[in-house]
Amino acid sequence: MSTHTASRHDAPPSLLAGSVEQPTFGEAVTNYVSKVRGGDMGSLPAILALLVLLSIFVILKPETFPSTLNIANLFQQGAVVATIAMGLVFVLLLGEIDLSAGFTSGTCGAVLATVLTQHGWSWYAAVAAALVTGLAIGLVLGTLVARLGVPSFIATLAAFLALQGVVLLIIGTGGNISISDPVILAIQNKNVPPALGWAIGILSVVGYGVATLRTWQLRRRRGLLAAPAGVIAIKIAAIGLLVLGMVAILNQERSLNPLRTSIIGVPIVVPVIVTLALVLGFVLTRTAFGRHVYAVGGNAEATRRAGIRVATVRMACFMICSTMAAVAGIFAASRATSVDPNAGGSNVLLYAVGAAVIGGTSLFGGKGRIIDALIGAAVIAVIDNGMALLGYSSGVKYVVTGGVLAAAASVDAISRRRARSAGRG
Amino acid sequence: MTKTAHSAPDLAPPPTLEVRGGRKNFGAVHALRGVDLVARAGEVTALVGDNGAGKSTMIKCVAGIHAFDAGEVLFEGEQTHISSPADSSALGIEVVYQDLALCDNLDIVHNMFLGRELKKGFRLDESAMETRAAEVLASLSVRTVRSIRQHVASLSGGQRQTVAIARAVLWNSKLVILDEPTAALGVAQTEQVLQLVRRLADAGLAVVLVSHNMNDVFEVADAINVLYLGQTAAQVRTRETSRSEVIELITSGSLPAGAAAAATLSTTNANGSTTA
């Protein structure tokens with residue numbers, strides 16, 4: 001027994017000398033299983049939940065739920081929540097919260113509608129105005145939280161109330177500003193031409209494959225630990241299948257009356273969101289700034305001592321979050337073709353926080369990914385959509401969504417506890 | 001411009017760090033009332049003293065977290081002023097704090113390069129960082145870490161200490177200050193860390209080791225600096241002193257009359273004769 005443990009401690013010098021013993025496929029699988037059992041589950045519970053929900057709704061509503069029309073609809077329904085959730089990941093990674101993200105999106109949508117419809121601005125100027133509004137809101141929130149030290153819960157609760165008022169003031173009680181700009185409306189109501197959809201889909205899969213393989217080769221050549229070839233191949237194949245499968249489904253005719261109007265192609269909002277996710281994911285995982293975001297969430301004091309300006313990182317995260325909320329506000333305005341005083345209200349924010357947490361982002365900070373937000377948003381969109389198809393009332397939908405969120409938060413808490421006892425914490 | 005004995009720098013290089021008469025007040029509290037410290041390259045200088053003697057304040061002043069109110073700081077013989085952590089790291093001073101200041105949710109490589117990431121344009125140069133981290137750990141003969149891509153949370157106390165020390169030497173630092181590196185460790189891990197401390201000095205760095213543990217101090221230190229109530233009681237060579245002498249200095253600030261060690265004692269021991 002003792003010789004066994006001793007040899008285990010003495011064995012790996014070769015590892016640090018630069019030439020690593022690469023794991024085999026079987027070892028990689030075993031490592032992953034032990035990682036999950038140790039509490040490091042990532043978005044696995046959310047993916048499982050998504051698969052279960054999809055199966056349930058497909059079985060219960062075989063003719064409507066898996067129809068191409070409904071699938072396209074799911075993307076458009078989930079777009080707003082997914083976009084806010086991606087921004088929220090930055091704030092949640094710090095261990096903070098932004099309760100005002102919903103009404104930030106509403107405010108920015110109202111700004112967009114006002115300058116577009118009442119002042120006759122061009123669509124790009126209006127989009128810029130909405131984004132700048134979001135950035136400014138983030139700047140104020142970041143200043144309150146990072147510079148003055150107001151707890152984010154309170155600072156953003158104040159902003160939640162204030163921005164709710166701002167939306168009312170801009171639009172007027174009972175009012176409604178409609179949007180007629182074709183570009184803004186196209187985001188959520190038009191589709192990418194099928195050929196272009198295929199081109200984008202194939203290009204992105206090839207791009208992903210090439211990038212992944214090149215990194216993998218580089219690591220092998222430098223003698224660094226790299227995943228076995230089988231795992232890489234499965235990853236690329238899975239991404240390819242998912243992307244191209246979706247393009248194939250969405251490129252089918254889904255109009256209820258194809259003779260009058262043809263609805264075909266990937267909704268424009270889908271590539272927009274994928275692009276946003278890639279950019280934000282790149283920022284989080286491949287840049288020094290992203291690394292610092294995780295570091296602040298893990299140990300703010302250690303980050304400060306490492307010479308990183310923690311307040312600046314915090315400010316930037318709040319600004320990213322609010323700007324993403326502004327983007328979501330544009331999506332929401334596009335989908336509703338108008339902005340009313342309740343824009344960004346009711347369940348928008350809670351769904352977005354729920355999406356991030358269900359996907360596997362920790363409310364305790366330091367753990368989470370952009371893809372988590374997308375997976376979580378998919379779970380919420382599927383519940384919302386599927387239960388509506390089943391004819392349940394809003395009341396039941398809220399109860400179920402709340403239950404899923406409670407389950408996700410419990411999974412987070414339990415996995416943290418397991419992680420601590422497994423030394424992965 | 002008369003030539004005096006100390007104007008022959010090639011005979012003995014100036015110490016890496018020298019503090020003369022350092023003082024620090026926090027309002028009415030005189031935390032440091034005249035501290036002296038000499039840390040030479042290639043040597044481990046232990047900084048000892050009872051709780052509240054001013055060890056932590058002293059290293060915080062050297063690290064730039066506080067600034068000395070009065071006194072001189074010489075780095076490699078040059079007069080300098082350290083007023084921020086950036087100043088001290090620019091000089092080549094690295095501090096390993098007692099709580100290690102590691103991020104549990106990041107892996108070893110990320111922790112070692114935190115705040116000083118290697119980049120290729122916008123992007124982090126992960127493989128360069130990983131290679132460099134592996135080299136540093138190998139040069140310190142660290143063999144206990146399974147993978148440098150594992151999260152710091154999964155490491156033992158000694159391994160965490162090792163990562164923190166490796167991070168400090170990653171930057172061609174000249175002076176490494178270790179705050180109680182063995183305080184929370186078991187016997188075997190303490191031994192590993194002490195060997196690592198010795199290797200740092202043997203590699204030519206100046207090492208300041210803050211410690212409560214006389215065994216550790218006498219095992220690795222070349223010189224021992226004793227603080228007593230915010231003043232330097234003495235800096236003595238380890239081989240010229242004994243455990244009981246050092247303990248006497250820690251508890252009373254001076255040696256009892258007759259313990260003929262005056263030659264090795266620092267002259268700043270102002271209250272020595274009255275308290276003895």
# chains A, B, ... in the order shown; residues from 1 in each chain; ligands from 1
call {"tool": "select_by_dssp", "arguments": {"residues": "segment 41-107 of chain B", "states": "alpha helix (DSSP H)", "output": "ChimeraX atom specification"}}
result
/B:55-63,85-91
call {"tool": "residues_around", "arguments": {"residues": "Leu227 of chain B", "least_positions_apart": "4", "cutoff": "7 Å", "atoms": "only C-alpha atoms", "output": "list in words"}}
result
Val48, Gly49, Ala53, Gly54, Gln231, Thr232, Ala233 and Ile250 of chain B
call {"tool": "closest_residue", "arguments": {"among": "A:Ile308, A:Leu259, A:Ala146, A:Val247", "to": "chain B", "atoms": "only C-alpha atoms"}}
result
A:Ile308
call {"tool": "interface_residues", "arguments": {"of": "chain B", "to": "chain A", "cutoff": "7 Å", "atoms": "only C-alpha atoms", "output": "PyMOL selection string"}}
result
chain B and resi 101-105+114-115+117+122-124+127+134-135+138+143-144+146+151+153-154
call {"tool": "write_last_selection", "arguments": {"atoms": "C-alpha atoms", "output": "compact mmCIF listing (two decimals), in the first residue's frame"}}
result
# COMPACT_ATOMS: atom_id res chain seq x y z
CA ALA B 101 -3.10 34.32 -2.79
CA LEU B 102 -3.97 31.63 -5.30
CA CYS B 103 -7.20 31.38 -7.25
CA ASP B 104 -8.75 27.99 -6.55
CA ASN B 105 -10.77 28.01 -9.75
CA LEU B 114 -1.82 35.61 -13.18
CA GLY B 115 -1.49 39.30 -14.00
CA GLU B 117 0.10 36.43 -18.91
CA PHE B 122 -4.73 39.59 -28.19
CA ARG B 123 -4.61 35.93 -27.38
CA LEU B 124 -3.12 34.18 -24.42
CA SER B 127 1.37 26.58 -24.72
CA ALA B 134 6.82 23.25 -16.45
CA GLU B 135 10.42 24.42 -16.83
CA ALA B 138 11.35 21.27 -13.04
CA ARG B 143 8.03 16.35 -8.63
CA THR B 144 4.89 16.16 -6.55
CA ARG B 146 0.50 15.40 -11.13
CA HIS B 151 -7.01 23.28 -10.56
CA ALA B 153 -8.17 23.66 -5.40
CA SER B 154 -7.16 20.02 -5.80
call {"tool": "closest_residue", "arguments": {"among": "A:Ala381, A:Ala155, A:Ile371, A:Leu135", "to": "Met324 of chain A", "atoms": "only C-alpha atoms"}}
result
A:Leu135
call {"tool": "closest_residue", "arguments": {"among": "A:Thr64, A:Ser34, A:Thr24, A:Asn189", "to": "Asn385 of chain A", "atoms": "only C-alpha atoms"}}
result
A:Thr64
call {"tool": "closest_residue", "arguments": {"among": "B:Val208, B:Ala203, B:Ala70, B:Ala166", "to": "Val35 of chain B", "atoms": "only C-alpha atoms"}}
result
B:Ala70
call {"tool": "closest_residue", "arguments": {"among": "B:Ser84, B:Glu72, B:Val145, B:Thr238", "to": "Ala221 of chain B", "atoms": "only C-alpha atoms"}}
result
B:Thr238
call {"tool": "residues_around", "arguments": {"residues": "Gln159 of chain B", "least_positions_apart": "3", "cutoff": "12 Å", "atoms": "only C-alpha atoms", "output": "PyMOL selection string"}}
result
(chain A and resi 9) or (chain B and resi 100+102+108+137+142-148+150-156+162-166+181-182+184-186+188-190+192-193+196)
call {"tool": "residues_around", "arguments": {"residues": "Glu43 of chain B", "least_positions_apart": "3", "cutoff": "8 Å", "atoms": "only C-alpha atoms", "output": "PDB file with C-alpha atoms, in the first residue's frame"}}
result
ATOM      1  CA  ALA B  39      19.302  40.206   2.856  1.00  0.00           C
ATOM      2  CA  ARG B  40      22.131  38.920   0.687  1.00  0.00           C
ATOM      3  CA  ALA B 201      18.990  30.635  -2.216  1.00  0.00           C
ATOM      4  CA  ASP B 202      21.435  28.207  -3.794  1.00  0.00           C
ATOM      5  CA  GLY B 204      21.454  32.872  -6.222  1.00  0.00           C
ATOM      6  CA  LEU B 205      18.310  34.588  -4.975  1.00  0.00           C
ATOM      7  CA  ALA B 206      18.078  36.509  -1.752  1.00  0.00           C
ATOM      8  CA  VAL B 207      15.432  34.852   0.395  1.00  0.00           C
ATOM      9  CA  ALA B 221      18.680  30.188   7.420  1.00  0.00           C
ATOM     10  CA  ASP B 222      22.149  31.679   6.959  1.00  0.00           C
ATOM     11  CA  ALA B 223      21.297  34.736   9.010  1.00  0.00           C
TER      12      ALA B 223
END
call {"tool": "atom_distance", "arguments": {"atom1": "atom CA of Val404 of chain A", "atom2": "atom CA of Gly102 of chain A"}}
result
20.1 Å
call {"tool": "residues_around", "arguments": {"residues": "Asp181 of chain A", "least_positions_apart": "3", "cutoff": "7 Å", "atoms": "only C-alpha atoms", "output": "VMD selection string"}}
result
chain A and resid 123 184 to 185
call {"tool": "write_last_selection", "arguments": {"atoms": "C-alpha atoms", "output": "mmCIF file, in the first residue's frame"}}
result
data_model
loop_
_atom_site.group_PDB
_atom_site.id
_atom_site.type_symbol
_atom_site.label_atom_id
_atom_site.label_comp_id
_atom_site.auth_asym_id
_atom_site.auth_seq_id
_atom_site.Cartn_x
_atom_site.Cartn_y
_atom_site.Cartn_z
ATOM 1 C CA TRP A 123 -31.196 51.933 -38.294
ATOM 2 C CA ILE A 184 -34.406 46.019 -37.443
ATOM 3 C CA LEU A 185 -37.496 43.948 -38.199
#
call {"tool": "atom_distance", "arguments": {"atom1": "atom CA of Thr401 of chain A", "atom2": "atom CA of Ala356 of chain A"}}
result
13.3 Å
call {"tool": "closest_residue", "arguments": {"among": "A:Val379, A:Ala343, A:Ala277, A:Ala336", "to": "Gly87 of chain A", "atoms": "only C-alpha atoms"}}
result
A:Ala277
call {"tool": "residues_around", "arguments": {"residues": "Leu91 of chain B", "least_positions_apart": "5", "cutoff": "12 Å", "atoms": "only C-alpha atoms", "output": "CSV table (one decimal) with C-alpha atoms, in the first residue's frame"}}
result
chain,number,residue,atom,x,y,z
B,16,THR,CA,20.3,42.6,-2.4
B,17,LEU,CA,18.1,44.5,0.2
B,62,VAL,CA,9.2,46.1,1.6
B,63,ALA,CA,6.5,44.8,-0.7
B,64,GLY,CA,5.1,48.3,-1.2
B,73,VAL,CA,15.9,51.2,1.7
B,74,LEU,CA,18.8,50.2,-0.4
B,75,PHE,CA,18.3,47.7,-3.2
B,76,GLU,CA,21.6,46.2,-4.5
B,78,GLU,CA,21.2,51.8,-4.6
B,79,GLN,CA,19.0,54.0,-2.5
B,80,THR,CA,15.4,53.4,-3.5
B,81,HIS,CA,11.9,54.2,-2.4
B,82,ILE,CA,9.1,51.6,-2.5
B,83,SER,CA,5.7,53.1,-2.4
B,84,SER,CA,3.6,50.6,-4.3
B,85,PRO,CA,3.5,46.8,-5.1
B,86,ALA,CA,4.4,47.8,-8.6
B,171,TRP,CA,10.0,36.4,-13.1
B,172,ASN,CA,13.7,36.4,-12.6
B,173,SER,CA,13.1,37.9,-9.2
B,174,LYS,CA,16.1,38.9,-7.0
B,175,LEU,CA,14.5,38.8,-3.6
B,176,VAL,CA,11.8,36.4,-2.5
call {"tool": "select_by_dssp", "arguments": {"residues": "segment 180-245 of chain B", "states": "strand (DSSP E or B)", "output": "list in words"}}
result
Ala206, Val207, Val208, Leu209, Val210, Ala223, Ile224, Asn225, Val226, Leu227, Tyr228, Gln231, Thr232, Ala233, Ala234, Gln235, Val236 and Arg237 of chain B
call {"tool": "write_last_selection", "arguments": {"atoms": "C-alpha atoms", "output": "short mmCIF file (atom, residue, chain, number, x, y, z; two decimals), in the first residue's frame"}}
result
data_model
loop_
_atom_site.label_atom_id
_atom_site.label_comp_id
_atom_site.auth_asym_id
_atom_site.auth_seq_id
_atom_site.Cartn_x
_atom_site.Cartn_y
_atom_site.Cartn_z
CA ALA B 206 18.08 36.51 -1.75
CA VAL B 207 15.43 34.85 0.40
CA VAL B 208 13.73 36.34 3.43
CA LEU B 209 11.92 33.71 5.45
CA VAL B 210 9.40 34.89 8.02
CA ALA B 223 21.30 34.74 9.01
CA ILE B 224 18.61 35.48 11.56
CA ASN B 225 17.03 38.87 12.04
CA VAL B 226 15.10 39.26 15.30
CA LEU B 227 12.39 41.84 15.73
CA TYR B 228 11.24 42.88 19.19
CA GLN B 231 12.60 47.26 16.55
CA THR B 232 15.41 45.11 15.28
CA ALA B 233 16.94 43.43 18.26
CA ALA B 234 19.77 41.89 16.26
CA GLN B 235 20.77 40.30 12.99
CA VAL B 236 23.08 37.39 13.66
CA ARG B 237 24.75 34.68 11.60
#
call {"tool": "atom_distance", "arguments": {"atom1": "atom CA of Gly386 of chain A", "atom2": "atom CA of Gly78 of chain A"}}
result
12.5 Å
call {"tool": "residues_around", "arguments": {"residues": "Glu219 of chain B", "least_positions_apart": "6", "cutoff": "10 Å", "atoms": "only C-alpha atoms", "output": "PyMOL selection string"}}
result
chain B and resi 191+194-195+198+238
